[in-house]
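Participant: See work_11.txt below, with compact mmCIF, C-alpha atoms.
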```
# COMPACT_ATOMS: atom_id res chain seq x y z
CA MET A 1 317.49 112.94 181.42
CA GLY A 2 317.49 109.57 179.76
CA SER A 3 321.27 109.35 180.03
CA HIS A 4 321.13 110.21 183.79
CA LEU A 5 318.66 107.41 184.35
CA LEU A 6 320.98 105.11 182.50
CA LEU A 7 323.88 106.03 184.77
CA LEU A 8 321.83 105.49 187.92
CA ALA A 9 320.48 102.17 186.76
CA PRO A 10 321.88 99.10 188.58
CA PRO A 11 324.56 97.16 186.75
CA PRO A 12 323.45 94.23 184.60
CA VAL A 13 322.49 91.12 186.51
CA GLN A 14 325.42 89.19 185.10
CA MET A 15 327.88 91.65 186.58
CA ILE A 16 326.61 91.34 190.15
CA ARG A 17 325.72 87.67 189.97
CA LYS A 18 327.86 85.66 192.34
CA ASP A 19 328.84 82.11 191.74
CA PRO A 20 327.14 79.92 194.38
CA VAL A 21 329.89 77.30 194.19
CA LEU A 22 332.60 79.87 194.82
CA GLU A 23 330.56 81.30 197.69
CA ALA A 24 330.06 77.87 199.25
CA TYR A 25 333.74 77.10 198.84
CA GLN A 26 334.66 80.45 200.38
CA GLN A 27 332.46 79.75 203.39
CA GLU A 28 333.77 76.23 203.92
CA ILE A 29 337.37 76.58 202.85
CA THR A 30 338.66 75.97 206.38
CA TYR A 31 336.57 72.81 206.55
CA VAL A 32 337.89 71.64 203.17
CA PHE A 33 341.48 71.94 204.40
CA HIS A 34 340.49 70.27 207.67
CA ALA A 35 338.83 67.32 205.89
CA LEU A 36 341.76 66.89 203.54
CA ARG A 37 344.17 66.84 206.46
CA TRP A 38 342.16 64.22 208.35
CA LEU A 39 342.02 62.17 205.17
CA GLY A 40 345.80 62.00 205.18
CA ALA A 41 346.82 64.77 202.76
CA ARG A 42 350.26 66.11 203.57
CA PRO A 43 350.68 69.80 204.38
CA GLN A 44 352.52 70.47 201.13
CA GLU A 45 349.67 68.91 199.13
CA LEU A 46 346.79 70.73 200.80
CA GLU A 47 346.45 73.75 198.53
CA ASP A 48 346.53 71.74 195.32
CA LEU A 49 344.03 69.23 196.65
CA ALA A 50 341.72 71.98 197.90
CA GLN A 51 341.73 73.38 194.38
CA GLU A 52 340.84 69.93 193.04
CA VAL A 53 337.97 69.80 195.51
CA PHE A 54 336.71 73.14 194.24
CA ILE A 55 336.84 72.02 190.61
CA ALA A 56 335.09 68.73 191.42
CA LEU A 57 332.51 70.58 193.48
CA ARG A 58 331.73 72.91 190.63
CA ARG A 59 331.30 70.00 188.24
CA ALA A 60 328.97 68.17 190.61
CA TRP A 61 327.11 71.22 191.92
CA SER A 62 324.03 70.64 189.77
CA ARG A 63 323.56 67.27 191.47
CA TYR A 64 323.95 68.63 195.00
CA ASP A 65 320.72 68.73 197.01
CA SER A 66 320.92 72.06 198.81
CA SER A 67 318.44 70.93 201.49
CA ARG A 68 321.13 68.64 202.87
CA PRO A 69 324.11 69.79 204.93
CA LEU A 70 327.10 70.80 202.85
CA ARG A 71 329.94 69.52 205.00
CA PRO A 72 329.33 65.76 204.66
CA TYR A 73 328.98 66.34 200.92
CA LEU A 74 332.27 68.23 200.86
CA PHE A 75 333.86 65.44 202.85
CA GLY A 76 332.73 62.95 200.20
CA VAL A 77 334.20 65.11 197.44
CA ALA A 78 337.46 65.48 199.40
CA PHE A 79 337.57 61.71 199.92
CA ARG A 80 337.27 61.07 196.18
CA VAL A 81 339.90 63.68 195.36
CA VAL A 82 342.37 62.21 197.86
CA SER A 83 341.67 58.65 196.62
CA MET A 84 342.28 59.67 193.03
CA GLN A 85 345.43 61.54 193.95
CA ARG A 86 346.74 58.52 195.89
CA ARG A 87 346.15 56.27 192.91
CA LYS A 88 347.75 58.69 190.49
CA THR A 89 350.85 59.55 192.47
CA LYS A 90 351.51 56.44 194.45
CA ARG A 91 355.19 56.65 193.66
CA GLU A 92 355.54 60.38 194.00
CA VAL A 93 354.23 60.14 197.53
CA ALA A 94 357.06 57.76 198.28
CA PHE A 95 359.53 60.33 196.94
CA ALA A 96 358.11 62.91 199.27
CA GLU A 97 359.47 60.80 202.08
CA LEU A 98 362.96 61.60 200.87
CA GLU A 99 362.38 65.19 201.73
CA ILE A 100 360.85 64.66 205.15
CA ARG A 101 362.83 61.58 206.07
CA ASP A 102 364.73 63.21 208.90
CA GLY A 103 361.55 63.94 210.71
CA GLY A 104 361.10 67.60 209.94
CA PRO A 105 357.97 68.09 212.01
CA TYR A 106 354.70 69.10 210.40
CA PRO A 107 353.79 72.70 211.17
CA ASP A 108 351.00 71.66 213.47
CA GLU A 109 353.40 69.58 215.51
CA LEU A 110 355.53 72.57 216.29
CA VAL A 111 352.94 73.93 218.65
CA GLN A 112 352.82 72.16 221.98
CA ALA A 113 349.05 72.31 222.25
CA LYS A 114 348.63 70.44 218.98
CA GLN A 115 350.78 67.45 219.82
CA ALA A 116 347.82 65.24 220.59
CA ARG A 117 346.22 66.09 217.28
CA ALA A 118 349.43 65.28 215.50
CA MET A 119 349.53 61.95 217.29
CA VAL A 120 346.00 61.10 216.16
CA LEU A 121 346.88 62.19 212.63
CA ARG A 122 349.94 59.96 212.62
CA ALA A 123 347.88 57.06 213.92
CA LEU A 124 345.25 57.70 211.26
CA GLU A 125 347.92 57.55 208.57
CA ARG A 126 348.29 53.87 209.37
CA ILE A 127 344.67 53.16 208.49
CA PRO A 128 343.86 52.61 204.80
CA LEU A 129 342.04 55.56 203.28
CA ARG A 130 338.69 53.81 202.72
CA ARG A 131 338.39 52.82 206.37
CA ARG A 132 339.90 56.06 207.65
CA ALA A 133 337.24 58.07 205.80
CA VAL A 134 334.43 56.18 207.55
CA LEU A 135 336.03 56.57 210.96
CA VAL A 136 336.74 60.27 210.56
CA MET A 137 333.26 60.96 209.25
CA HIS A 138 331.46 59.09 211.99
CA ASP A 139 333.68 59.33 215.05
CA LEU A 140 335.13 62.79 214.48
CA GLU A 141 332.59 64.59 212.32
CA GLU A 142 329.67 62.81 214.00
CA VAL A 143 327.91 62.10 210.74
CA PRO A 144 325.24 59.36 211.07
CA MET A 145 326.24 56.05 209.53
CA VAL A 146 323.46 56.08 206.94
CA GLN A 147 324.73 59.39 205.64
CA VAL A 148 328.32 58.16 205.76
CA ALA A 149 327.35 55.19 203.58
CA ASN A 150 325.43 57.44 201.19
CA THR A 151 328.20 59.99 200.90
CA LEU A 152 330.88 57.40 200.24
CA SER A 153 328.55 55.39 197.95
CA ILE A 154 328.97 52.14 199.88
CA PRO A 155 326.42 49.75 201.43
CA LEU A 156 325.55 50.44 205.05
CA PHE A 157 326.84 47.05 206.14
CA THR A 158 330.21 47.78 204.52
CA ALA A 159 330.34 51.12 206.31
CA TYR A 160 329.79 49.41 209.67
CA SER A 161 332.39 46.80 208.97
CA ARG A 162 334.95 49.43 207.89
CA LEU A 163 334.23 51.45 211.01
CA ARG A 164 334.74 48.48 213.29
CA LYS A 165 338.01 47.55 211.66
CA ALA A 166 339.27 51.15 211.50
CA ARG A 167 338.63 51.63 215.22
CA LYS A 168 340.69 48.55 216.04
CA GLU A 169 343.48 49.75 213.79
CA LEU A 170 343.42 53.22 215.31
CA GLU A 171 343.56 51.87 218.82
CA THR A 172 346.54 49.69 217.97
CA ALA A 173 348.31 52.52 216.17
CA ILE A 174 347.79 54.98 219.02
CA ARG A 175 349.05 52.49 221.60
CA ARG A 176 352.12 51.81 219.52
CA LEU A 177 352.85 55.52 219.00
CA ALA A 178 352.30 56.30 222.68
CA LYS A 179 354.72 53.51 223.55
CA ASP A 180 357.33 54.94 221.14
CA VAL A 181 356.94 58.40 222.66
CA SER A 182 357.28 57.13 226.22
CA LYS A 183 360.48 55.24 225.27
CA ARG A 184 362.19 58.45 224.12
CA MET B 1 318.01 50.57 213.11
CA LYS B 2 321.43 49.21 213.89
CA THR B 3 323.77 51.64 215.60
CA PRO B 4 327.53 51.30 215.90
CA GLU B 5 328.99 50.32 219.22
CA PRO B 6 330.18 53.21 221.36
CA LEU B 7 333.85 54.07 221.21
CA SER B 8 336.17 52.55 223.76
CA PRO B 9 337.03 55.00 226.57
CA GLU B 10 340.62 55.12 225.36
CA LEU B 11 339.68 56.11 221.80
CA GLU B 12 337.03 58.48 223.07
CA ALA B 13 339.66 60.26 225.15
CA TRP B 14 341.92 60.62 222.11
CA LEU B 15 339.25 61.73 219.65
CA ALA B 16 336.97 63.92 221.75
CA PRO B 17 339.27 66.98 221.88
CA HIS B 18 339.43 67.10 218.07
CA ARG B 19 335.75 66.70 217.39
CA ARG B 20 334.35 69.58 215.34
CA VAL B 21 337.45 71.65 215.94
CA LEU B 22 338.48 73.65 212.91
CA LEU B 23 341.93 75.12 213.10
CA PRO B 24 341.92 78.51 211.36
CA LEU B 25 343.84 78.75 208.12
CA ALA B 26 346.72 81.15 207.75
CA PRO B 27 345.31 84.25 206.02
CA SER B 28 347.86 83.99 203.23
CA VAL B 29 346.93 80.36 202.55
CA GLU B 30 343.24 81.18 202.52
CA ALA B 31 343.72 84.15 200.22
CA ARG B 32 345.85 82.10 197.84
CA ALA B 33 343.36 79.22 197.72
CA LEU B 34 340.43 81.56 197.09
CA ALA B 35 342.33 83.42 194.39
CA ARG B 36 343.09 80.12 192.66
CA ALA B 37 339.45 79.10 192.84
CA ALA B 38 338.36 82.43 191.40
CA ARG B 39 340.86 82.06 188.56
CA ALA B 40 339.56 78.57 187.83
CA GLU B 41 336.08 80.05 187.76
CA GLU B 42 337.12 82.58 185.13
CA SER B 43 339.05 80.06 183.07
CA PRO B 44 337.01 78.72 180.18
CA GLN B 45 339.12 75.55 180.12
CA GLN B 46 337.67 74.01 183.26
CA GLY B 47 334.19 72.77 183.96
CA ALA B 48 332.11 70.40 181.90
CA GLY B 49 329.12 72.73 181.81
CA ARG B 50 331.02 75.43 180.01
CA ALA B 51 332.52 73.03 177.55
CA LEU B 52 329.09 71.82 176.53
CA ALA B 53 327.84 75.37 176.10
CA ARG B 54 330.33 76.04 173.28
CA PRO B 55 328.94 76.22 169.77
CA TRP B 56 329.32 73.23 167.44
CA TRP B 57 331.85 74.90 165.19
CA VAL B 58 334.39 75.00 168.04
CA PHE B 59 334.29 71.23 168.24
CA ALA B 60 334.33 70.93 164.44
CA THR B 61 337.44 73.16 164.25
CA ALA B 62 339.12 71.19 167.01
CA ALA B 63 338.33 67.89 165.28
CA GLY B 64 339.67 69.28 161.99
CA ALA B 65 342.87 70.40 163.70
CA VAL B 66 343.34 66.96 165.26
CA VAL B 67 342.86 65.24 161.90
CA ALA B 68 345.28 67.64 160.19
CA LEU B 69 347.89 67.12 162.92
CA GLY B 70 347.49 63.37 162.64
CA ALA B 71 347.97 63.48 158.89
CA ALA B 72 351.04 65.68 159.27
CA ALA B 73 352.51 63.35 161.90
CA TYR B 74 351.89 60.33 159.66
CA ALA B 75 353.50 62.07 156.69
CA ALA B 76 356.52 63.06 158.79
CA HIS B 77 356.84 59.50 160.06
CA ALA B 78 356.67 58.06 156.55
CA TRP B 79 359.24 60.60 155.32
CA ARG B 80 361.59 59.83 158.19
CA ASN B 81 361.34 56.11 157.55
CA THR B 82 362.37 56.52 153.92
CA VAL B 83 365.29 58.79 154.80
CA VAL B 84 366.50 56.85 157.86
CA SER B 85 366.17 53.40 156.34
CA PRO B 86 369.59 51.62 156.51
CA ALA B 87 369.41 50.77 152.81
CA VAL B 88 369.24 54.44 151.95
CA VAL B 89 372.01 55.34 154.37
CA ARG B 90 374.46 52.66 153.45
CA VAL B 91 373.92 52.54 149.70
CA ALA B 92 374.68 55.90 148.20
CA PRO B 93 372.21 56.76 145.47
CA LEU B 94 373.68 57.35 142.05
CA ALA B 95 371.88 60.60 141.47
CA PRO B 96 370.42 61.89 144.72
CA SER B 97 368.06 64.80 144.63
CA PRO B 98 369.62 68.05 145.86
CA VAL B 99 367.10 68.30 148.71
CA THR B 100 367.59 64.85 150.27
CA GLN B 101 371.34 64.57 149.79
CA PRO B 102 372.49 66.65 152.78
CA ARG B 103 369.98 64.95 155.09
CA VAL B 104 371.05 61.50 154.03
CA ALA B 105 374.68 62.44 154.43
CA ALA B 106 374.07 63.87 157.90
CA ARG B 107 372.18 60.77 158.94
CA ALA B 108 374.95 58.53 157.67
CA ALA B 109 377.41 60.53 159.75
CA VAL B 110 375.23 60.09 162.82
CA VAL B 111 375.00 56.33 162.35
CA ALA B 112 378.75 56.16 161.82
CA VAL B 113 379.35 58.13 165.02
CA ALA B 114 376.90 56.01 166.99
CA GLU B 115 378.61 52.84 165.86
CA THR B 116 381.97 53.91 167.26
CA THR B 117 382.81 53.67 170.97
CA ALA B 118 381.23 56.05 173.45
CA PRO B 119 384.36 58.14 174.22
CA ALA B 120 384.80 58.77 170.54
CA THR B 121 381.20 59.96 170.46
CA ASN B 122 381.93 62.42 173.20
CA ALA B 123 385.00 63.67 171.43
CA THR B 124 382.98 65.05 168.53
CA PRO B 125 381.12 68.31 169.01
CA GLU B 126 377.39 67.66 169.39
CA THR B 127 374.59 69.41 167.58
CA PRO B 128 371.06 69.10 169.03
CA SER B 129 369.87 66.81 166.24
CA ARG B 130 372.97 64.64 166.50
CA ARG B 131 372.54 64.46 170.27
CA ARG B 132 368.95 63.27 169.92
CA SER B 133 369.89 60.67 167.34
CA ALA B 134 372.87 59.49 169.33
CA ARG B 135 370.74 59.07 172.42
CA LYS B 136 368.16 57.08 170.56
CA THR B 137 370.70 54.82 168.90
CA SER B 138 372.95 54.21 171.90
CA ALA B 139 370.23 53.75 174.51
CA ALA B 140 368.13 51.48 172.36
CA THR B 141 370.66 49.32 170.58
CA LEU B 142 374.23 49.62 171.78
CA PRO B 143 375.40 47.49 174.71
CA PRO B 144 377.29 49.27 177.49
CA THR B 145 381.06 49.41 177.10
CA ASN B 146 383.33 47.85 179.70
CA GLU B 147 384.39 51.26 180.94
CA GLU B 148 380.80 52.32 181.40
CA LEU B 149 379.98 49.16 183.31
CA HIS B 150 383.06 49.52 185.46
CA LEU B 151 382.23 53.10 186.38
CA LEU B 152 378.69 52.31 187.42
CA ARG B 153 379.71 49.16 189.23
CA SER B 154 382.10 51.17 191.39
CA ALA B 155 379.33 53.74 192.02
CA ARG B 156 376.99 50.97 193.11
CA GLN B 157 379.65 49.52 195.42
CA ASP B 158 380.19 52.97 196.93
CA VAL B 159 376.48 53.23 197.67
CA THR B 160 376.50 49.79 199.28
CA ARG B 161 379.48 50.78 201.43
CA GLY B 162 377.85 54.04 202.39
CA ASP B 163 380.42 56.17 200.58
CA PHE B 164 377.81 58.38 198.97
CA ALA B 165 380.24 61.17 198.08
CA GLY B 166 382.38 58.66 196.16
CA ALA B 167 379.29 57.30 194.46
CA LEU B 168 378.20 60.76 193.46
CA SER B 169 381.56 61.56 191.92
CA ALA B 170 381.46 58.29 189.96
CA VAL B 171 377.96 59.20 188.80
CA ALA B 172 379.20 62.62 187.72
CA GLU B 173 382.11 61.02 185.88
CA HIS B 174 379.70 58.69 184.10
CA ALA B 175 377.46 61.58 183.17
CA ARG B 176 380.47 63.43 181.75
CA ARG B 177 381.83 60.53 179.72
CA PHE B 178 378.69 58.58 178.84
CA ARG B 179 376.04 61.22 178.85
CA HIS B 180 373.72 59.14 176.69
CA GLY B 181 375.18 55.76 177.49
CA ALA B 182 373.28 52.51 177.79
CA LEU B 183 373.12 52.70 181.58
CA VAL B 184 371.66 56.16 182.02
CA GLU B 185 368.70 54.78 183.94
CA GLU B 186 370.95 53.00 186.46
CA ARG B 187 373.12 56.10 186.77
CA GLU B 188 370.20 58.37 187.57
CA ALA B 189 368.85 55.89 190.13
CA LEU B 190 372.25 55.86 191.83
CA ARG B 191 372.26 59.65 191.81
CA VAL B 192 368.98 59.72 193.76
CA LYS B 193 370.30 57.25 196.30
CA SER B 194 373.63 59.06 196.69
CA LEU B 195 371.98 62.43 197.21
CA ALA B 196 369.58 60.96 199.76
CA GLY B 197 372.48 59.25 201.51
CA LEU B 198 374.37 62.54 201.72
CA GLY B 199 371.36 64.15 203.35
CA ARG B 200 370.72 66.45 200.39
CA HIS B 201 367.02 65.69 200.54
CA GLN B 202 365.78 68.47 198.31
CA ASP B 203 368.25 67.53 195.57
CA ALA B 204 367.33 63.87 196.02
CA GLN B 205 363.66 64.71 195.80
CA ARG B 206 364.25 66.71 192.63
CA ALA B 207 366.35 63.95 191.09
CA ALA B 208 363.69 61.39 191.99
CA VAL B 209 360.95 63.42 190.36
CA GLU B 210 363.09 63.87 187.23
CA PHE B 211 363.81 60.14 187.21
CA HIS B 212 360.12 59.37 187.48
CA ALA B 213 359.33 61.72 184.60
CA ARG B 214 362.08 60.25 182.42
CA PHE B 215 361.63 56.58 183.28
CA PRO B 216 358.02 56.22 184.45
CA ARG B 217 358.04 52.43 184.06
CA SER B 218 361.46 51.78 185.51
CA VAL B 219 361.82 48.83 187.84
CA LEU B 220 364.33 50.92 189.78
CA LEU B 221 361.54 53.15 191.04
CA SER B 222 360.68 50.48 193.56
CA THR B 223 364.20 50.70 194.99
CA PHE B 224 363.51 54.29 196.05
CA GLU B 225 360.38 53.16 197.78
CA ARG B 226 362.25 50.38 199.53
CA MET B 227 364.97 52.80 200.46
CA THR B 228 362.57 55.29 202.01
CA GLU B 229 360.71 52.55 203.86
CA ALA B 230 363.97 51.23 205.29
CA GLU B 231 365.35 54.61 206.22
CA ARG B 232 362.18 56.06 207.64
```
Just dump the structure as structure tokens.
Facilitator:
Amino acid sequence: MGSHLLLLAPPPVQMIRKDPVLEAYQQEITYVFHALRWLGARPQELEDLAQEVFIALRRAWSRYDSSRPLRPYLFGVAFRVVSMQRRKTKREVAFAELEIRDGGPYPDELVQAKQARAMVLRALERIPLRRRAVLVMHDLEEVPMVQVANTLSIPLFTAYSRLRKARKELETAIRRLAKDVSKR
Amino acid sequence: MKTPEPLSPELEAWLAPHRRVLLPLAPSVEARALARAARAEESPQQGAGRALARPWWVFATAAGAVVALGAAAYAAHAWRNTVVSPAVVRVAPLAPSPVTQPRVAARAAVVAVAETTAPATNATPETPSRRRSARKTSAATLPPTNEELHLLRSARQDVTRGDFAGALSAVAEHARRFRHGALVEEREALRVKSLAGLGRHQDAQRAAVEFHARFPRSVLLSTFERMTEAER
């Protein structure tokens, strides 16, 4: 009888315990890729960078305040991962241009409906990462400026100034790209 | 509280369609990314929390291993210095010990080979140890021979003219004759440029990555960057 009870007993807690970080990552994986792409990661880098985001997220999870929304926090983690990767592989990124030099279109450009998005992405590539992050967070993700400043660990005034400058740069870049397209 | 100015109508029109739009991931990409994350979760190597949870003796063992390795490396270095020292190589000992004699003799042969011209070096069959030593000696100390300079100069001229196939064949010729010559770095840089010029982008990319790994501080790295900027 005792052995029957043992068989029917639920498995040990450790066996059914799920990792909250992995669960959060699983829920928001599409957003992680999305944020990385807006931050300027190239399609061929996305999977590796997403993995870096997961590892960084797990390290910082104990400091995450779960009462706050996860996406801005994830965006901040993604921003740091992309910044670090840019610093580390500044030259390797230049080599990547060798491969795509002839203008092999990004996958999302192949679809007609996504051309506008590709245009915005190309324009965003011309904005330095620190300013691009503020613009994407506020103007695309609609995160309030106070939270943007907190997430990126910068003073509020700096966030405003970066936003203003990034908007100007984006406008110029889009006009220039639109002009190039209309010339063709 | 201060609020940012509203977006200009033009920017608003460009950005509005993409606001809060998440494009779905390809199922294979999603599955792969999640599998990688799960593997990282299982791996004991990653994550600071797990590292701190290890017992003290793990760290003590690791520290001991590091110290032992350091001592071994130092001993090997000291031993190599005594064997490789020019005085030992050039002045034959009167009564060498049976253990060191073959090593000293081999080393003397290597130095003798390295001091001859590069074609002569290529004419002798290479063993791995001789190859390593030859590379170290020729790259670090020997000046390039006239032939080597001539070959690479013609390769560089080919690149300037846009004759990338010609440049690539000169590069191959250099690699065949002066595999470990004094201008290996220049040769490999020309290889990257020639491959890119021929439109063999994947090969060029591979060669560039190899170049970066082999010569991480090379000033020629910036010429790739300039090249890609100019050709973009």
Participant: Restricting the calculation to all atoms listed in the file: of B:Arg20, B:Arg214, B:Arg191, B:His77, which residue gets closest to chain A?
Facilitator: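 Ranked by minimum distance to chain A, first place goes to B:Arg20.
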Participant: If I take atom CA of Leu129 of chain A and atom CA of Ala208 of chain B, how far is one from the other in Å, to one decimal?
Facilitator: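 One can read the atom CA of Leu129 of chain A to atom CA of Ala208 of chain B distance as 25.1 Å.
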Participant: Report, in Å with one decimal, the straight-line distance from atom CA of Arg167 of chain A to atom CA of Phe33 of chain A.
Facilitator: 23.2 Å
Participant: If you count only C-alpha atoms, which residues fall within 9 Å of Pro72 of chain A, apart from same-chain ones fewer than 6 positions away, as a PDB file with C-alpha atoms, in the coordinates of the input?
Facilitator:
```
ATOM      1  CA  MET A 137     333.260  60.960 209.250  1.00  0.00           C
ATOM      2  CA  GLU A 141     332.590  64.590 212.320  1.00  0.00           C
ATOM      3  CA  VAL A 143     327.910  62.100 210.740  1.00  0.00           C
ATOM      4  CA  GLN A 147     324.730  59.390 205.640  1.00  0.00           C
ATOM      5  CA  VAL A 148     328.320  58.160 205.760  1.00  0.00           C
ATOM      6  CA  THR A 151     328.200  59.990 200.900  1.00  0.00           C
TER       7      THR A 151
END
```
Participant: Can you tell me which residues surround Arg122 of chain A at a distance of at most 12 Å, considering all atoms listed in the file, apart from same-chain residues fewer than 5 positions away, and format the answer as a ChimeraX atom specification?
Facilitator: /A:37-42,105-106,108-109,115-117,127,132,170,173-178
Participant: Measuring between only C-alpha atoms, which one of A:Met84, A:Val134, A:Val181, A:Val120 shows the shortest distance to chain B?
Facilitator: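 Checking each candidate against chain B, we get A:Val120 as the closest.
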Participant: Between atom CA of Gly76 of chain A and atom CA of Glu142 of chain A, what is the distance in Å, rounded to a tenth?
Facilitator: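 Rounded to one decimal, the two atoms are 14.1 Å apart.
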